[in-house]
file query07.csv (CSV, C-alpha atoms)
chain,number,residue,atom,x,y,z
R,1,MET,CA,14.8,-7.5,4.0
R,2,GLN,CA,14.6,-11.3,3.9
R,3,GLN,CA,12.9,-13.4,6.6
R,4,LEU,CA,15.0,-13.3,9.7
R,5,THR,CA,16.6,-16.5,10.9
R,6,ASN,CA,19.9,-15.2,12.5
R,7,PRO,CA,19.4,-15.1,16.4
R,8,ARG,CA,21.4,-11.9,16.7
R,9,GLU,CA,19.3,-10.2,14.0
R,10,LEU,CA,16.2,-11.2,15.9
R,11,ARG,CA,17.7,-9.9,19.2
R,12,GLY,CA,18.6,-6.6,17.4
R,13,LEU,CA,15.0,-6.2,16.3
R,14,THR,CA,13.9,-6.8,19.8
R,15,ILE,CA,16.2,-4.0,21.0
R,16,LEU,CA,14.8,-1.7,18.4
R,17,SER,CA,11.2,-2.5,19.5
R,18,GLN,CA,11.9,-1.1,23.0
R,19,PRO,CA,11.8,2.7,23.6
R,20,ASN,CA,14.9,4.8,24.1
R,21,THR,CA,17.3,2.0,23.2
R,22,ILE,CA,19.2,3.7,20.4
R,23,ILE,CA,20.7,7.2,20.6
R,24,GLN,CA,22.3,8.6,17.5
R,25,ASN,CA,25.3,10.8,18.3
R,26,ASN,CA,26.2,11.7,14.7
R,27,LYS,CA,25.9,10.3,11.2
R,28,ASN,CA,28.1,7.3,11.9
R,29,GLU,CA,28.0,6.7,15.7
R,30,TRP,CA,25.2,5.4,18.0
R,31,ASP,CA,24.8,4.4,21.6
R,32,VAL,CA,22.8,1.2,22.0
R,33,ARG,CA,21.4,0.2,25.4
R,34,SER,CA,22.4,-3.1,26.9
R,35,GLN,CA,19.6,-5.7,27.5
R,36,SER,CA,21.3,-7.2,30.6
R,37,LYS,CA,22.5,-4.1,32.5
R,38,ASP,CA,22.0,-0.4,32.8
R,39,ALA,CA,24.7,0.6,30.3
R,40,TYR,CA,25.2,1.6,26.6
R,41,TYR,CA,27.5,0.2,24.0
R,42,GLN,CA,28.9,2.3,21.2
R,43,VAL,CA,28.3,1.3,17.6
R,44,THR,CA,30.3,3.0,14.8
R,45,ARG,CA,30.2,2.8,11.1
R,46,THR,CA,33.1,3.6,8.7
R,47,PHE,CA,33.2,3.6,4.9
R,48,VAL,CA,35.9,1.4,3.2
R,49,LYS,CA,36.8,1.1,-0.5
R,50,GLY,CA,37.0,-2.4,-1.9
R,51,ARG,CA,39.4,-3.6,-4.6
R,52,ASP,CA,36.7,-3.1,-7.2
R,53,LYS,CA,36.4,0.5,-6.1
R,54,SER,CA,33.0,-0.1,-4.5
R,55,HIS,CA,32.2,1.4,-1.1
R,56,MET,CA,31.3,-0.8,1.9
R,57,HIS,CA,30.4,-0.3,5.5
R,58,ASP,CA,32.7,-1.5,8.3
R,59,TRP,CA,30.7,-1.9,11.6
R,60,LYS,CA,32.2,-2.1,15.1
R,61,CYS,CA,30.7,-2.3,18.6
R,62,THR,CA,32.2,-2.0,22.1
R,63,CYS,CA,30.2,-5.0,23.5
R,64,PRO,CA,32.0,-8.3,24.6
R,65,ASP,CA,30.2,-10.3,21.9
R,66,PHE,CA,31.8,-8.3,19.0
R,67,ALA,CA,35.2,-8.2,20.7
R,68,THR,CA,35.1,-12.0,20.9
R,69,ARG,CA,33.6,-12.9,17.5
R,70,ASN,CA,34.5,-9.8,15.4
R,71,MET,CA,31.2,-10.2,13.6
R,72,PRO,CA,28.0,-8.1,13.7
R,73,CYS,CA,26.4,-8.4,17.1
R,74,LYS,CA,22.7,-7.7,18.1
R,75,HIS,CA,23.6,-4.0,18.8
R,76,ILE,CA,24.9,-3.5,15.2
R,77,HIS,CA,21.8,-5.3,13.8
R,78,ALA,CA,19.6,-3.0,15.9
R,79,VAL,CA,21.2,0.1,14.3
R,80,GLN,CA,21.0,-1.4,10.8
R,81,PHE,CA,17.3,-2.2,11.2
R,82,SER,CA,16.9,1.4,12.4
R,83,LEU,CA,18.5,2.7,9.2
R,84,LYS,CA,16.4,0.4,7.1
R,85,LEU,CA,13.2,1.7,8.7
R,86,ALA,CA,14.4,5.3,8.2
R,87,GLY,CA,15.0,4.7,4.6
R,88,ASP,CA,18.8,5.2,4.7
R,89,VAL,CA,19.5,1.7,3.6
R,90,GLN,CA,17.1,0.2,1.0
R,91,GLU,CA,17.3,-3.3,-0.3
R,92,TYR,CA,14.6,-4.4,-2.7
R,93,SER,CA,14.3,-7.7,-4.4
R,94,ALA,CA,13.6,-7.7,-8.1
R,95,PRO,CA,10.0,-8.3,-8.9
R,96,ALA,CA,9.1,-11.7,-10.3
R,97,ALA,CA,8.0,-12.0,-13.9
R,98,ILE,CA,4.4,-11.0,-14.2
R,99,ALA,CA,2.3,-13.7,-15.8
R,100,GLU,CA,-0.3,-12.7,-18.4
R,101,THR,CA,-3.8,-13.1,-16.8
R,102,GLU,CA,-7.0,-13.4,-18.6
R,103,ILE,CA,-10.5,-13.2,-17.1
R,104,LYS,CA,-12.3,-16.5,-17.3
R,105,VAL,CA,-15.2,-16.1,-19.6
R,106,LEU,CA,-18.6,-17.3,-18.2
R,107,CYS,CA,-22.0,-17.2,-19.9
R,108,SER,CA,-23.9,-14.1,-18.9
R,109,SER,CA,-27.1,-16.1,-18.9
R,110,CYS,CA,-26.5,-19.5,-17.2
R,111,LYS,CA,-23.0,-18.7,-15.8
R,112,GLY,CA,-21.6,-21.8,-17.5
R,113,ALA,CA,-18.0,-22.1,-18.5
R,114,ASN,CA,-18.5,-24.1,-21.7
R,115,VAL,CA,-18.3,-21.1,-24.1
R,116,VAL,CA,-16.7,-20.6,-27.5
R,117,LYS,CA,-15.8,-17.6,-29.7
R,118,ARG,CA,-18.5,-16.7,-32.2
R,119,GLY,CA,-17.5,-13.8,-34.4
R,120,ILE,CA,-16.7,-10.2,-33.9
R,121,ARG,CA,-19.1,-7.3,-33.1
R,122,LYS,CA,-18.3,-3.9,-34.5
R,123,THR,CA,-19.0,-0.9,-32.3
R,124,GLN,CA,-18.2,2.8,-32.5
R,125,PHE,CA,-15.2,2.2,-30.3
R,126,GLY,CA,-13.8,-0.7,-32.3
R,127,GLU,CA,-14.3,-4.5,-32.6
R,128,VAL,CA,-15.4,-6.6,-29.7
R,129,GLN,CA,-15.1,-10.4,-29.4
R,130,ARG,CA,-18.5,-12.2,-29.3
R,131,TYR,CA,-19.0,-15.5,-27.4
R,132,GLY,CA,-21.6,-18.3,-27.6
R,133,CYS,CA,-22.6,-20.7,-24.8
R,134,ILE,CA,-22.8,-24.4,-25.8
R,135,GLU,CA,-25.2,-25.2,-22.9
R,136,CYS,CA,-27.9,-22.6,-23.5
R,137,ASN,CA,-27.0,-21.3,-26.9
R,138,HIS,CA,-26.8,-17.7,-25.6
R,139,ARG,CA,-24.7,-15.2,-27.4
R,140,PHE,CA,-23.0,-12.4,-25.5
R,141,VAL,CA,-20.0,-10.1,-25.2
R,142,VAL,CA,-17.8,-9.8,-22.0
R,143,ASP,CA,-18.6,-6.8,-19.9
R,144,LYS,CA,-15.2,-5.2,-19.2
R,145,GLY,CA,-16.8,-2.4,-17.2
R,146,PHE,CA,-17.7,0.0,-20.0
R,147,CYS,CA,-20.9,-1.6,-21.6
R,148,ARG,CA,-23.6,0.9,-22.5
R,149,MET,CA,-21.3,3.8,-21.9
R,150,LYS,CA,-21.6,6.7,-24.3
R,151,PHE,CA,-17.9,7.6,-24.2
R,152,ASN,CA,-15.0,5.3,-24.9
R,153,PRO,CA,-12.9,3.7,-22.2
R,154,LYS,CA,-9.9,6.0,-22.9
R,155,VAL,CA,-11.9,9.2,-22.0
R,156,ILE,CA,-13.4,7.6,-18.9
R,157,THR,CA,-10.1,6.2,-17.6
R,158,LEU,CA,-8.4,9.5,-18.4
R,159,THR,CA,-11.1,11.2,-16.2
R,160,LEU,CA,-10.5,8.8,-13.4
R,161,ASP,CA,-6.7,9.3,-13.6
R,162,LEU,CA,-7.0,13.1,-13.4
R,163,TYR,CA,-9.5,12.8,-10.5
R,164,PHE,CA,-7.1,10.7,-8.4
R,165,LYS,CA,-4.3,13.1,-9.2
R,166,GLY,CA,-6.2,15.9,-7.5
R,167,VAL,CA,-7.7,17.7,-10.5
R,168,SER,CA,-11.2,19.2,-9.9
R,169,GLN,CA,-14.2,18.1,-11.9
R,170,ARG,CA,-14.4,21.6,-13.6
R,171,LYS,CA,-10.8,21.4,-14.6
R,172,ILE,CA,-11.2,17.8,-15.9
R,173,ALA,CA,-14.1,19.0,-18.1
R,174,ASP,CA,-12.0,21.8,-19.4
R,175,HIS,CA,-9.1,19.4,-20.1
R,176,LEU,CA,-11.3,17.1,-22.1
R,177,LYS,CA,-12.7,20.0,-24.1
R,178,GLN,CA,-9.3,21.4,-25.0
R,179,PHE,CA,-7.3,18.3,-25.7
R,180,GLU,CA,-9.9,15.6,-26.7
R,181,SER,CA,-12.5,17.9,-28.3
R,182,ILE,CA,-15.1,16.2,-26.1
R,183,ALA,CA,-17.9,18.1,-24.2
R,184,VAL,CA,-18.6,16.4,-20.9
R,185,THR,CA,-20.6,18.0,-18.1
R,186,GLN,CA,-19.5,18.0,-14.5
R,187,PRO,CA,-22.5,15.8,-13.4
R,188,THR,CA,-21.4,13.3,-16.0
R,189,ILE,CA,-17.9,13.2,-14.6
R,190,LEU,CA,-19.3,12.8,-11.1
R,191,SER,CA,-21.5,9.9,-12.2
R,192,TRP,CA,-18.4,8.2,-13.7
R,193,ILE,CA,-16.4,8.7,-10.5
R,194,LYS,CA,-19.2,7.3,-8.3
R,195,LYS,CA,-19.8,4.3,-10.6
R,196,TYR,CA,-16.1,3.3,-10.8
R,197,LEU,CA,-15.3,4.1,-7.2
R,198,LYS,CA,-18.1,1.7,-6.2
R,199,LEU,CA,-16.8,-0.9,-8.7
R,200,LEU,CA,-13.2,-0.7,-7.6
R,201,GLY,CA,-14.2,-0.5,-3.9
R,202,GLY,CA,-15.9,-3.8,-4.2
R,203,TYR,CA,-13.0,-5.5,-6.0
R,204,SER,CA,-11.7,-8.4,-3.8
R,205,GLU,CA,-8.0,-9.2,-4.1
R,206,LYS,CA,-7.6,-12.6,-5.7
R,207,TYR,CA,-3.9,-12.9,-5.0
R,208,LYS,CA,-1.9,-12.6,-1.8
R,209,ALA,CA,0.7,-9.9,-1.7
R,210,GLU,CA,4.3,-11.0,-1.2
R,211,VAL,CA,5.5,-8.3,1.3
R,212,GLY,CA,8.3,-7.7,3.7
R,213,ASN,CA,8.4,-8.1,7.5
R,214,ILE,CA,8.3,-4.4,8.5
R,215,TRP,CA,4.9,-2.5,8.2
R,216,HIS,CA,3.9,1.1,9.0
R,217,SER,CA,0.6,2.3,10.2
R,218,ASP,CA,-0.9,5.8,10.5
R,219,GLU,CA,-4.2,7.6,10.2
R,220,THR,CA,-5.4,10.9,8.6
R,221,THR,CA,-8.7,12.8,8.6
R,222,VAL,CA,-11.5,13.0,6.1
R,223,PHE,CA,-14.3,15.5,6.3
R,224,ILE,CA,-18.0,14.4,5.9
R,225,LYS,CA,-21.1,16.5,5.6
R,226,LYS,CA,-23.3,16.2,8.7
R,227,GLU,CA,-26.3,18.3,9.4
R,228,GLY,CA,-25.8,20.7,12.2
R,229,GLU,CA,-22.0,20.3,12.2
R,230,LYS,CA,-19.5,22.3,10.2
R,231,LYS,CA,-16.4,20.3,10.8
R,232,TYR,CA,-17.4,16.7,11.2
R,233,TYR,CA,-14.6,14.3,10.3
R,234,GLN,CA,-13.7,10.6,10.4
R,235,TRP,CA,-10.4,8.8,10.2
R,236,ILE,CA,-8.7,6.9,7.3
R,237,TRP,CA,-6.4,4.2,8.6
R,238,ASN,CA,-3.5,3.1,6.4
R,239,VAL,CA,-1.2,0.1,6.8
R,240,MET,CA,1.7,-0.1,4.4
R,241,ASP,CA,4.6,-2.6,3.8
R,242,ALA,CA,8.0,-0.8,3.9
R,243,LYS,CA,9.7,-3.1,1.3
R,244,THR,CA,7.1,-3.0,-1.5
R,245,ARG,CA,5.1,0.1,-0.6
R,246,TYR,CA,2.0,-2.0,-0.9
R,247,LEU,CA,-1.0,-0.5,0.9
R,248,LEU,CA,-2.3,-3.5,2.9
R,249,ALA,CA,-5.3,-1.7,4.4
R,250,CYS,CA,-7.2,1.5,3.9
R,251,GLN,CA,-10.3,1.8,6.1
R,252,VAL,CA,-12.5,4.5,7.5
R,253,THR,CA,-13.7,4.7,11.1
R,254,GLU,CA,-15.6,7.2,13.2
R,255,ASN,CA,-13.2,7.2,16.1
R,256,ARG,CA,-9.6,6.3,17.1
R,257,PHE,CA,-10.2,3.8,19.8
R,258,VAL,CA,-8.6,0.3,20.2
R,259,ASN,CA,-11.3,-1.5,18.2
R,260,ASP,CA,-11.0,1.1,15.4
R,261,ALA,CA,-7.2,0.6,15.3
R,262,ARG,CA,-7.7,-3.2,15.1
R,263,ASN,CA,-9.8,-3.1,11.9
R,264,PRO,CA,-7.0,-2.1,9.5
R,265,LEU,CA,-4.6,-4.5,11.2
R,266,GLN,CA,-7.1,-7.4,10.7
R,267,LYS,CA,-7.5,-6.4,7.0
R,268,ALA,CA,-3.7,-6.3,6.6
R,269,LYS,CA,-3.4,-9.9,8.0
R,270,SER,CA,-6.0,-11.2,5.6
R,271,VAL,CA,-4.3,-9.7,2.6
R,272,THR,CA,-0.9,-11.3,3.3
R,273,ASN,CA,-1.2,-14.1,5.9
R,274,VAL,CA,2.2,-12.9,7.2
R,275,ARG,CA,3.1,-11.9,10.7
R,276,PRO,CA,5.4,-8.9,10.6
R,277,ASP,CA,8.5,-8.6,12.7
R,278,ALA,CA,7.8,-4.9,13.3
R,279,ILE,CA,4.9,-2.6,13.0
R,280,VAL,CA,5.9,1.1,13.2
R,281,THR,CA,3.3,3.6,14.5
R,282,ASP,CA,3.1,7.0,15.9
R,283,GLY,CA,2.4,7.7,19.6
R,284,LEU,CA,-1.4,7.1,19.4
R,285,GLN,CA,-2.2,5.1,22.5
R,286,ALA,CA,-4.8,2.9,20.8
R,287,TYR,CA,-2.0,1.2,18.8
R,288,LYS,CA,-0.4,-0.2,21.9
R,289,GLU,CA,-3.4,-2.5,22.7
R,290,ALA,CA,-4.4,-3.0,19.1
R,291,VAL,CA,-1.1,-4.4,17.8
R,292,LYS,CA,-0.8,-6.6,20.9
R,293,ALA,CA,-4.3,-8.0,20.4
R,294,GLU,CA,-3.8,-8.8,16.7
R,295,PHE,CA,-0.1,-9.9,16.6
R,296,TYR,CA,1.1,-10.9,20.1
R,297,ASP,CA,2.5,-14.4,19.9
R,298,ASN,CA,3.9,-16.1,23.0
R,299,GLU,CA,5.8,-18.6,21.0
R,300,ALA,CA,7.4,-16.1,18.6
R,301,PHE,CA,10.9,-14.8,19.3
R,302,ILE,CA,9.7,-11.2,19.0
R,303,GLN,CA,6.4,-11.6,20.9
R,304,ASN,CA,5.1,-8.1,20.4
R,305,PRO,CA,6.2,-6.5,17.1
R,306,HIS,CA,5.0,-3.0,18.0
R,307,ILE,CA,7.5,-0.1,17.6
R,308,ARG,CA,6.1,3.2,18.9
R,309,LEU,CA,7.8,6.3,17.6
R,310,LYS,CA,8.9,8.8,20.3
R,311,ASP,CA,8.6,11.8,17.9
R,312,PHE,CA,8.8,12.7,14.2
R,313,GLU,CA,12.5,13.4,14.1
R,314,THR,CA,14.0,10.4,15.8
R,315,LYS,CA,14.8,7.4,13.6
R,316,PRO,CA,13.1,5.2,12.7
R,317,ASN,CA,10.3,7.4,11.5
R,318,ASN,CA,7.0,7.1,9.7
R,319,ASN,CA,7.9,9.2,6.7
R,320,ILE,CA,6.6,6.8,4.0
R,321,LEU,CA,3.1,7.0,5.5
R,322,GLU,CA,3.3,10.7,5.9
R,323,ARG,CA,4.0,10.9,2.2
R,324,LEU,CA,1.0,8.6,1.5
R,325,ASN,CA,-1.2,10.9,3.6
R,326,GLY,CA,0.0,13.8,1.4
R,327,THR,CA,-1.2,11.9,-1.7
R,328,PHE,CA,-4.6,11.5,0.0
R,329,ARG,CA,-4.7,15.2,0.8
R,330,GLU,CA,-3.9,16.1,-2.9
R,331,ARG,CA,-7.3,14.6,-3.7
R,332,THR,CA,-9.4,15.6,-0.7
R,333,LYS,CA,-8.4,19.2,-0.5
R,334,VAL,CA,-10.3,20.0,-3.8
R,335,MET,CA,-13.4,18.0,-2.6
R,336,ARG,CA,-14.0,19.9,0.6
R,337,SER,CA,-16.0,16.9,2.1
R,338,PHE,CA,-17.9,13.7,1.4
R,339,ASP,CA,-21.7,13.4,1.4
R,340,SER,CA,-21.7,10.3,3.7
R,341,ALA,CA,-19.5,7.8,5.5
R,342,VAL,CA,-20.3,5.3,2.7
R,343,GLY,CA,-18.9,7.7,0.1
R,344,ALA,CA,-15.7,8.1,2.2
R,345,ALA,CA,-15.3,4.3,2.5
R,346,GLU,CA,-15.7,3.9,-1.3
R,347,PHE,CA,-13.1,6.7,-1.8
R,348,ALA,CA,-10.7,5.0,0.5
R,349,ALA,CA,-11.1,1.7,-1.4
R,350,GLY,CA,-10.6,3.4,-4.7
R,351,MET,CA,-7.5,5.2,-3.4
R,352,GLN,CA,-6.1,1.9,-2.3
R,353,THR,CA,-6.5,0.5,-5.8
R,354,TYR,CA,-5.0,3.6,-7.3
R,355,TYR,CA,-2.0,3.6,-5.0
R,356,ASN,CA,-1.3,-0.2,-5.4
R,357,TYR,CA,-2.0,-0.7,-9.1
R,358,ILE,CA,-2.0,2.6,-10.9
R,359,ARG,CA,0.4,5.2,-9.4
R,360,PRO,CA,4.2,4.6,-10.1
R,361,HIS,CA,6.4,5.0,-7.0
R,362,GLN,CA,9.8,6.6,-7.2
R,363,GLY,CA,11.0,4.7,-4.1
R,364,ILE,CA,10.7,1.4,-5.9
R,365,GLY,CA,12.2,2.4,-9.2
R,366,GLY,CA,9.0,3.7,-11.0
R,367,LEU,CA,7.1,0.5,-10.5
R,368,VAL,CA,3.7,0.2,-8.9
R,369,PRO,CA,3.5,-1.6,-5.5
R,370,ALA,CA,1.5,-4.5,-6.9
R,371,GLN,CA,4.5,-5.3,-9.2
R,372,MET,CA,6.9,-5.3,-6.3
R,373,ALA,CA,4.5,-7.5,-4.3
R,374,ASN,CA,4.5,-10.0,-7.2
R,375,ILE,CA,0.8,-9.7,-8.0
R,376,PRO,CA,0.5,-11.6,-11.3
R,377,ILE,CA,-1.5,-9.0,-13.2
R,378,ASN,CA,-0.3,-7.5,-16.5
R,379,LEU,CA,-0.1,-3.8,-15.5
R,380,THR,CA,1.4,-2.4,-18.7
R,381,GLY,CA,-0.5,0.1,-20.9
R,382,ASN,CA,-3.8,1.5,-19.5
R,383,ARG,CA,-3.7,0.2,-15.9
R,384,TRP,CA,-7.1,1.8,-15.2
R,385,GLU,CA,-8.8,-0.2,-17.9
R,386,THR,CA,-7.1,-3.4,-16.7
R,387,MET,CA,-8.3,-3.0,-13.1
R,388,ILE,CA,-11.8,-2.0,-14.1
R,389,GLY,CA,-12.0,-5.1,-16.4
R,390,LEU,CA,-10.8,-7.3,-13.5
R,391,ALA,CA,-13.3,-5.7,-11.1
R,392,ALA,CA,-16.2,-6.0,-13.6
R,393,GLY,CA,-15.4,-9.7,-14.3
R,394,LYS,CA,-14.8,-10.8,-10.7
call {"tool": "encode", "arguments": {"input": "query07.csv", "output": "structure tokens"}}
result
Amino acid sequence: MQQLTNPRELRGLTILSQPNTIIQNNKNEWDVRSQSKDAYYQVTRTFVKGRDKSHMHDWKCTCPDFATRNMPCKHIHAVQFSLKLAGDVQEYSAPAAIAETEIKVLCSSCKGANVVKRGIRKTQFGEVQRYGCIECNHRFVVDKGFCRMKFNPKVITLTLDLYFKGVSQRKIADHLKQFESIAVTQPTILSWIKKYLKLLGGYSEKYKAEVGNIWHSDETTVFIKKEGEKKYYQWIWNVMDAKTRYLLACQVTENRFVNDARNPLQKAKSVTNVRPDAIVTDGLQAYKEAVKAEFYDNEAFIQNPHIRLKDFETKPNNNILERLNGTFRERTKVMRSFDSAVGAAEFAAGMQTYYNYIRPHQGIGGLVPAQMANIPINLTGNRWETMIGLAAGK
């Protein structure tokens, strides 16, 4: 979806943001509530074949505006937005060309930028570029996140990939032994996971994501070990852009109050600097005040972008975030629980990096969300190694 400028499109989104305004009678017929009186107008959709044998939609409405202009009215736009949110109509812009990015090399001693290449260093994993600082005459190699590691980056990143795909540590060790002929203990695997979860969790986004104007928000549970309690859990809040599937925020809180719901919304704003036209949530009461507090704008045409779902079956729905929660559960179900809230927060940050930069998404043509959001990072080849290198050199 492009930025909305048509007044009737904006009015249609306003209709959609109100409860019980659209009733679907069948696959191609809807009743849309009037904004000026207690009545409903009927919107219908028919399929017509063009001269080039392509299929198109012909929309009609019983309202006076459509009868006069014979052009899509606000009621038709409201239904179309509903279908877009439901995933029945998907329009994605092609991602822009990804520019090659290279980490700026700074001296590891004086942090100066006046450095030159000075030969090659041979290691057991291959050749590494060596640099020299003109200012302090210090020689060094760039730490890409794997310095002083006994195993090569391929084995480590393979371990991380299997971990985030829901494979247990015992099965990862067995996989490495069978297919890579490498004996790695489970404590070693755990140390790698903790090290790189912390590294990726602290990685600050350098680029702003170019996202759409419809976001989805939902929460899921995560279990944490707590002395004296068997089932102590906290909440992972996720905010996702519907157009690019980019995960804008992924944060852990102890409760589900209004202030807790505001935290991920604040994070999403800082990542994009964009005010959405609609934020789709479930029926959690905290969202009502949280969205209003963070996004209410008295000067905007749509003053409050909150769309609260009536149930799980009525369109629009929150299915794209329910699928994301399933991806989280693929990993957490084999972990049982976290040792602390800090560990859960690092896991959430790592999952956000995995989802945005590593995991291909079928809904966007097999790309990763960062590519759809035009993040100028070369994500070909080993994406784990790329992201670890960026995090280590930040």
call {"tool": "closest_residue", "arguments": {"input": "query07.csv", "among": "R:Met351, R:Val79, R:Leu199, R:Val32", "to": "Asn20 of chain R", "atoms": "only C-alpha atoms"}}
result
R:Val32
call {"tool": "residues_around", "arguments": {"input": "query07.csv", "residues": "Arg262 of chain R", "least_positions_apart": "2", "cutoff": "10 Å", "atoms": "all atoms listed in the file", "output": "MDAnalysis selection string"}}
result
chainID R and resid 237 256:260 264:268 286:287 289:294
call {"tool": "closest_residue", "arguments": {"input": "query07.csv", "among": "R:Tyr207, R:Tyr40, R:Phe47, R:Phe140", "to": "Ile377 of chain R", "atoms": "only C-alpha atoms"}}
result
R:Tyr207
call {"tool": "atom_distance", "arguments": {"input": "query07.csv", "atom1": "atom CA of Pro276 of chain R", "atom2": "atom CA of Ile302 of chain R"}}
result
9.7 Å
call {"tool": "residues_around", "arguments": {"input": "query07.csv", "residues": "segment 157-170 of chain R", "least_positions_apart": "3", "cutoff": "9 Å", "atoms": "all atoms listed in the file", "output": "MDAnalysis selection string"}}
result
chainID R and resid 152:154 173:176 185:187 189:190 192:193 196 327:335 350:351 354 358 382:385
call {"tool": "atom_distance", "arguments": {"input": "query07.csv", "atom1": "atom CA of Cys63 of chain R", "atom2": "atom CA of Thr281 of chain R"}}
result
29.6 Å
call {"tool": "residues_near_point", "arguments": {"input": "query07.csv", "point": "(30.6, -0.4, 20.5)", "cutoff": "6 Å", "atoms": "only C-alpha atoms", "output": "PDB file with C-alpha atoms, in the frame of the given file"}}
result
ATOM      1  CA  TYR R  41      27.500   0.200  24.000  1.00  0.00           C
ATOM      2  CA  GLN R  42      28.900   2.300  21.200  1.00  0.00           C
ATOM      3  CA  VAL R  43      28.300   1.300  17.600  1.00  0.00           C
ATOM      4  CA  LYS R  60      32.200  -2.100  15.100  1.00  0.00           C
ATOM      5  CA  CYS R  61      30.700  -2.300  18.600  1.00  0.00           C
ATOM      6  CA  THR R  62      32.200  -2.000  22.100  1.00  0.00           C
ATOM      7  CA  CYS R  63      30.200  -5.000  23.500  1.00  0.00           C
TER       8      CYS R  63
END
call {"tool": "closest_residue", "arguments": {"input": "query07.csv", "among": "R:Thr46, R:Gln178, R:Gln251, R:Gln362", "to": "Glu346 of chain R", "atoms": "all atoms listed in the file"}}
result
R:Gln251
call {"tool": "residues_near_point", "arguments": {"input": "query07.csv", "point": "(1.8, 2.1, 15.9)", "cutoff": "8 Å", "atoms": "only C-alpha atoms", "output": "number ranges by chain"}}
result
R: 216-218, 279-284, 287-288, 291, 306-309
call {"tool": "closest_residue", "arguments": {"input": "query07.csv", "among": "R:Ala344, R:Leu16, R:Ala209, R:Ile22", "to": "Lys194 of chain R", "atoms": "all atoms listed in the file"}}
result
R:Ala344
call {"tool": "atom_distance", "arguments": {"input": "query07.csv", "atom1": "atom CA of Tyr355 of chain R", "atom2": "atom CA of Ile388 of chain R"}}
result
14.5 Å
call {"tool": "closest_residue", "arguments": {"input": "query07.csv", "among": "R:Phe146, R:Gln371, R:Val184, R:Gln35", "to": "Lys171 of chain R", "atoms": "only C-alpha atoms"}}
result
R:Val184
call {"tool": "decode", "arguments": {"input": "query07.csv", "residues": "segment 278-291 of chain R", "atoms": "N, CA and C atoms", "output": "PDB file, in the first residue's frame"}}
result
ATOM      1  N   ALA R 278      -2.986   2.506  10.455  1.00  0.00           N
ATOM      2  CA  ALA R 278      -3.778   1.523  11.204  1.00  0.00           C
ATOM      3  C   ALA R 278      -2.842   0.612  11.987  1.00  0.00           C
ATOM      4  N   ILE R 279      -3.204   0.318  13.229  1.00  0.00           N
ATOM      5  CA  ILE R 279      -2.506  -0.653  14.062  1.00  0.00           C
ATOM      6  C   ILE R 279      -3.530  -1.696  14.495  1.00  0.00           C
ATOM      7  N   VAL R 280      -3.377  -2.922  13.994  1.00  0.00           N
ATOM      8  CA  VAL R 280      -4.335  -3.992  14.244  1.00  0.00           C
ATOM      9  C   VAL R 280      -3.892  -4.776  15.472  1.00  0.00           C
ATOM     10  N   THR R 281      -4.772  -4.934  16.445  1.00  0.00           N
ATOM     11  CA  THR R 281      -4.469  -5.682  17.668  1.00  0.00           C
ATOM     12  C   THR R 281      -5.622  -6.613  18.004  1.00  0.00           C
ATOM     13  N   ASP R 282      -5.379  -7.465  18.997  1.00  0.00           N
ATOM     14  CA  ASP R 282      -6.470  -8.303  19.503  1.00  0.00           C
ATOM     15  C   ASP R 282      -7.284  -7.497  20.518  1.00  0.00           C
ATOM     16  N   GLY R 283      -8.098  -8.182  21.302  1.00  0.00           N
ATOM     17  CA  GLY R 283      -9.005  -7.487  22.207  1.00  0.00           C
ATOM     18  C   GLY R 283      -8.411  -7.067  23.532  1.00  0.00           C
ATOM     19  N   LEU R 284      -7.096  -7.183  23.724  1.00  0.00           N
ATOM     20  CA  LEU R 284      -6.480  -6.788  24.990  1.00  0.00           C
ATOM     21  C   LEU R 284      -6.778  -5.326  25.283  1.00  0.00           C
ATOM     22  N   GLN R 285      -7.322  -5.062  26.452  1.00  0.00           N
ATOM     23  CA  GLN R 285      -7.778  -3.720  26.803  1.00  0.00           C
ATOM     24  C   GLN R 285      -6.632  -2.718  26.856  1.00  0.00           C
ATOM     25  N   ALA R 286      -5.415  -3.188  27.207  1.00  0.00           N
ATOM     26  CA  ALA R 286      -4.279  -2.274  27.350  1.00  0.00           C
ATOM     27  C   ALA R 286      -3.937  -1.571  26.046  1.00  0.00           C
ATOM     28  N   TYR R 287      -4.212  -2.203  24.912  1.00  0.00           N
ATOM     29  CA  TYR R 287      -3.889  -1.593  23.623  1.00  0.00           C
ATOM     30  C   TYR R 287      -4.692  -0.315  23.382  1.00  0.00           C
ATOM     31  N   LYS R 288      -5.903  -0.272  23.907  1.00  0.00           N
ATOM     32  CA  LYS R 288      -6.781   0.860  23.641  1.00  0.00           C
ATOM     33  C   LYS R 288      -6.136   2.165  24.084  1.00  0.00           C
ATOM     34  N   GLU R 289      -5.602   2.185  25.302  1.00  0.00           N
ATOM     35  CA  GLU R 289      -4.971   3.392  25.824  1.00  0.00           C
ATOM     36  C   GLU R 289      -3.540   3.541  25.318  1.00  0.00           C
ATOM     37  N   ALA R 290      -2.855   2.418  25.108  1.00  0.00           N
ATOM     38  CA  ALA R 290      -1.454   2.482  24.672  1.00  0.00           C
ATOM     39  C   ALA R 290      -1.326   3.079  23.277  1.00  0.00           C
ATOM     40  N   VAL R 291      -2.131   2.595  22.330  1.00  0.00           N
ATOM     41  CA  VAL R 291      -2.077   3.116  20.968  1.00  0.00           C
ATOM     42  C   VAL R 291      -2.480   4.582  20.943  1.00  0.00           C
TER      43      VAL R 291
END
